[in-house]
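Here the structure comes first, spelled out in structure tokens, and everything after it is commentary.
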Amino acid sequence: MRYPAGMPNRYGQPVRDRRPAVLVRADDPENQAAYTIACEARGLREGHRARALGDGSLLVKASSGDGSYRVRVAGVRDGLLVLRCSCPSGDYRARLPVPCKHAALAARRLEREGLARWDEDLGGWSPRRPPARAHAV
């Protein structure tokens, strides 16, 4: 069987490069910024919203069923906010500062509240210092 329109049939010719393809995981630390943005985009596409609670945590609606997942700020590591989520992705991707779409939406909510800012150089959200308040005289 021949290819149409002059495309040469190369059947039987040796393949020169037999190296295996290298698959890059989306949640590898070197892809952290792209993964974080992808998480946020997915959450926005699915219509999730983060709601701030009185105890300082944020609640994000679950897409897999009834209920919500709770996101908390666990601390700061290497200048980035480290968020923890109660969803399954939050458990097995806990090594990442933003482990899931719920945490990404919570970080964006913190940014809107003036508590965090996106740091392009670090590839994530860093804490924003609270504004200096005037002391009563």
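All residue names refer to the structure tokens as shown: chains lettered A, B, ... in order, residues numbered from 1 in each chain, ligands numbered from 1 in order.
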Write out as a list in words each polymer residue whose atoms come within 8 Å of A:Arg72, counting only C-alpha atoms; drop sequence neighbours fewer than 4 positions from it.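 Non-adjacent residues within range: Gly56, Ser57, Leu58, Leu83, Arg84 and Cys85 of chain A.
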Residue set, stretch 18-121 of chain A restricted to strand (DSSP E), as a list of chain:residue names: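 The strand (DSSP E) subset of stretch 18-121 of chain A is A:Ala50, A:Arg51, A:Ala52, A:Leu58, A:Leu59, A:Val60, A:Lys61, A:Ser68, A:Tyr69, A:Arg70, A:Val71, A:Arg72, A:Val73, A:Ala74, A:Gly75, A:Val76, A:Arg77, A:Leu80, A:Leu81, A:Val82, A:Leu83, A:Arg84, A:Cys85, A:Ala116, A:Arg117, A:Trp118, A:Asp119.
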So the first atom is atom CA of A:Leu81 and the second is atom CA of A:Asp55; what is the distance between them in Å, to one decimal place?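 That distance, rounded to one decimal, is 17.6 Å.
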Determine which residues of stretch 20-123 of chain A receive a DSSP assignment of alpha helix (DSSP H), computed from the backbone, and state them as a ChimeraX atom specification. /A:32-45,88-92,101-112
Writer output for current selection, N, CA and C atoms, as an mmCIF file, in the first residue's frame:
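And here is the file that came out, selection-v1.cif:
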```
data_model
loop_
_atom_site.group_PDB
_atom_site.id
_atom_site.type_symbol
_atom_site.label_atom_id
_atom_site.label_comp_id
_atom_site.auth_asym_id
_atom_site.auth_seq_id
_atom_site.Cartn_x
_atom_site.Cartn_y
_atom_site.Cartn_z
ATOM 1 N N GLN A 32 5.858 24.034 38.713
ATOM 2 C CA GLN A 32 4.964 24.499 39.762
ATOM 3 C C GLN A 32 4.063 25.650 39.319
ATOM 4 N N ALA A 33 4.604 26.647 38.654
ATOM 5 C CA ALA A 33 3.799 27.804 38.242
ATOM 6 C C ALA A 33 2.739 27.396 37.225
ATOM 7 N N ALA A 34 3.124 26.601 36.242
ATOM 8 C CA ALA A 34 2.166 26.166 35.225
ATOM 9 C C ALA A 34 1.076 25.301 35.844
ATOM 10 N N TYR A 35 1.453 24.436 36.774
ATOM 11 C CA TYR A 35 0.479 23.580 37.446
ATOM 12 C C TYR A 35 -0.504 24.416 38.259
ATOM 13 N N THR A 36 -0.001 25.417 38.969
ATOM 14 C CA THR A 36 -0.841 26.276 39.797
ATOM 15 C C THR A 36 -1.858 27.025 38.943
ATOM 16 N N ILE A 37 -1.402 27.576 37.829
ATOM 17 C CA ILE A 37 -2.298 28.316 36.944
ATOM 18 C C ILE A 37 -3.324 27.380 36.310
ATOM 19 N N ALA A 38 -2.893 26.172 35.941
ATOM 20 C CA ALA A 38 -3.825 25.192 35.377
ATOM 21 C C ALA A 38 -4.890 24.791 36.402
ATOM 22 N N CYS A 39 -4.489 24.643 37.655
ATOM 23 C CA CYS A 39 -5.453 24.325 38.719
ATOM 24 C C CYS A 39 -6.486 25.433 38.861
ATOM 25 N N GLU A 40 -6.007 26.654 38.860
ATOM 26 C CA GLU A 40 -6.923 27.774 38.993
ATOM 27 C C GLU A 40 -7.881 27.847 37.805
ATOM 28 N N ALA A 41 -7.358 27.684 36.601
ATOM 29 C CA ALA A 41 -8.202 27.742 35.403
ATOM 30 C C ALA A 41 -9.266 26.647 35.433
ATOM 31 N N ARG A 42 -8.878 25.455 35.877
ATOM 32 C CA ARG A 42 -9.841 24.354 35.947
ATOM 33 C C ARG A 42 -10.943 24.663 36.957
ATOM 34 N N GLY A 43 -10.577 25.186 38.098
ATOM 35 C CA GLY A 43 -11.574 25.534 39.096
ATOM 36 C C GLY A 43 -12.520 26.617 38.617
ATOM 37 N N LEU A 44 -11.991 27.617 37.920
ATOM 38 C CA LEU A 44 -12.839 28.690 37.387
ATOM 39 C C LEU A 44 -13.772 28.172 36.300
ATOM 40 N N ARG A 45 -13.245 27.311 35.412
ATOM 41 C CA ARG A 45 -14.076 26.723 34.359
ATOM 42 C C ARG A 45 -15.245 25.945 34.941
ATOM 43 N N PRO A 88 -8.791 14.819 48.289
ATOM 44 C CA PRO A 88 -7.791 13.777 48.042
ATOM 45 C C PRO A 88 -6.511 14.301 47.376
ATOM 46 N N SER A 89 -6.635 15.227 46.435
ATOM 47 C CA SER A 89 -5.435 15.803 45.803
ATOM 48 C C SER A 89 -4.600 16.565 46.809
ATOM 49 N N GLY A 90 -5.252 17.196 47.753
ATOM 50 C CA GLY A 90 -4.542 17.916 48.801
ATOM 51 C C GLY A 90 -3.689 16.995 49.652
ATOM 52 N N ASP A 91 -4.088 15.730 49.764
ATOM 53 C CA ASP A 91 -3.308 14.757 50.526
ATOM 54 C C ASP A 91 -2.086 14.268 49.755
ATOM 55 N N TYR A 92 -2.290 13.799 48.531
ATOM 56 C CA TYR A 92 -1.154 13.181 47.835
ATOM 57 C C TYR A 92 -0.280 14.172 47.076
ATOM 58 N N LYS A 101 -7.002 22.428 42.750
ATOM 59 C CA LYS A 101 -7.775 23.570 42.255
ATOM 60 C C LYS A 101 -8.457 24.322 43.390
ATOM 61 N N HIS A 102 -8.826 23.611 44.444
ATOM 62 C CA HIS A 102 -9.468 24.283 45.579
ATOM 63 C C HIS A 102 -8.490 25.251 46.239
ATOM 64 N N ALA A 103 -7.249 24.811 46.402
ATOM 65 C CA ALA A 103 -6.229 25.667 47.014
ATOM 66 C C ALA A 103 -5.894 26.848 46.109
ATOM 67 N N ALA A 104 -5.876 26.635 44.792
ATOM 68 C CA ALA A 104 -5.592 27.729 43.868
ATOM 69 C C ALA A 104 -6.691 28.787 43.927
ATOM 70 N N LEU A 105 -7.934 28.356 44.003
ATOM 71 C CA LEU A 105 -9.031 29.311 44.112
ATOM 72 C C LEU A 105 -9.005 30.034 45.451
ATOM 73 N N ALA A 106 -8.619 29.328 46.504
ATOM 74 C CA ALA A 106 -8.500 29.970 47.816
ATOM 75 C C ALA A 106 -7.386 31.017 47.795
ATOM 76 N N ALA A 107 -6.269 30.701 47.128
ATOM 77 C CA ALA A 107 -5.164 31.662 47.031
ATOM 78 C C ALA A 107 -5.599 32.903 46.256
ATOM 79 N N ARG A 108 -6.365 32.702 45.204
ATOM 80 C CA ARG A 108 -6.865 33.854 44.440
ATOM 81 C C ARG A 108 -7.803 34.691 45.304
ATOM 82 N N ARG A 109 -8.581 34.040 46.154
ATOM 83 C CA ARG A 109 -9.458 34.776 47.070
ATOM 84 C C ARG A 109 -8.620 35.588 48.053
ATOM 85 N N LEU A 110 -7.539 34.989 48.562
ATOM 86 C CA LEU A 110 -6.638 35.715 49.455
ATOM 87 C C LEU A 110 -6.023 36.915 48.742
ATOM 88 N N GLU A 111 -5.765 36.763 47.455
ATOM 89 C CA GLU A 111 -5.228 37.881 46.674
ATOM 90 C C GLU A 111 -6.261 39.001 46.565
ATOM 91 N N ARG A 112 -7.503 38.650 46.303
ATOM 92 C CA ARG A 112 -8.559 39.669 46.222
ATOM 93 C C ARG A 112 -8.762 40.374 47.560
#
```
Restricting the calculation to only C-alpha atoms, which member of A:Arg25, A:Arg128, A:Arg49, A:Arg93 is positioned closest to A:Ser68?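 Of A:Arg25, A:Arg128, A:Arg49, A:Arg93, the one nearest A:Ser68 is A:Arg49, counting only C-alpha atoms.
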By how many Å are atom CA of A:Gly114 and atom CA of A:Val73 apart?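 Straight-line distance from atom CA of A:Gly114 to atom CA of A:Val73 works out to 14.6 Å.
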Pick out the closest residue to A:Leu80 from this set: A:Gly67, A:Val98, A:Glu46, A:Arg129. Count only C-alpha atoms. A:Val98
Quick check, in Å to one decimal: how far apart do atom CA of A:Asp78 and atom CA of A:Leu115 lie?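 These atoms are spaced 17.2 Å apart.
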May I ask which of the residues A:Gly79, A:Gly47, A:Ala52, A:Arg70 is the closest one to A:Arg117, counting only C-alpha atoms? A:Gly79
Nearest-residue call for A:Ala50, choices A:Gly75, A:Pro127, A:Glu113, A:Pro97, using only C-alpha atoms: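 Checking each candidate against A:Ala50, we get A:Glu113 as the closest.
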Do a neighbour search on A:Tyr69 at 6 Å with only C-alpha atoms, toss out local chain neighbours closer than 6 positions, and write the hits as a list in words.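 The neighbour list is Leu59, Val60, Ser86 and Cys87 of chain A.
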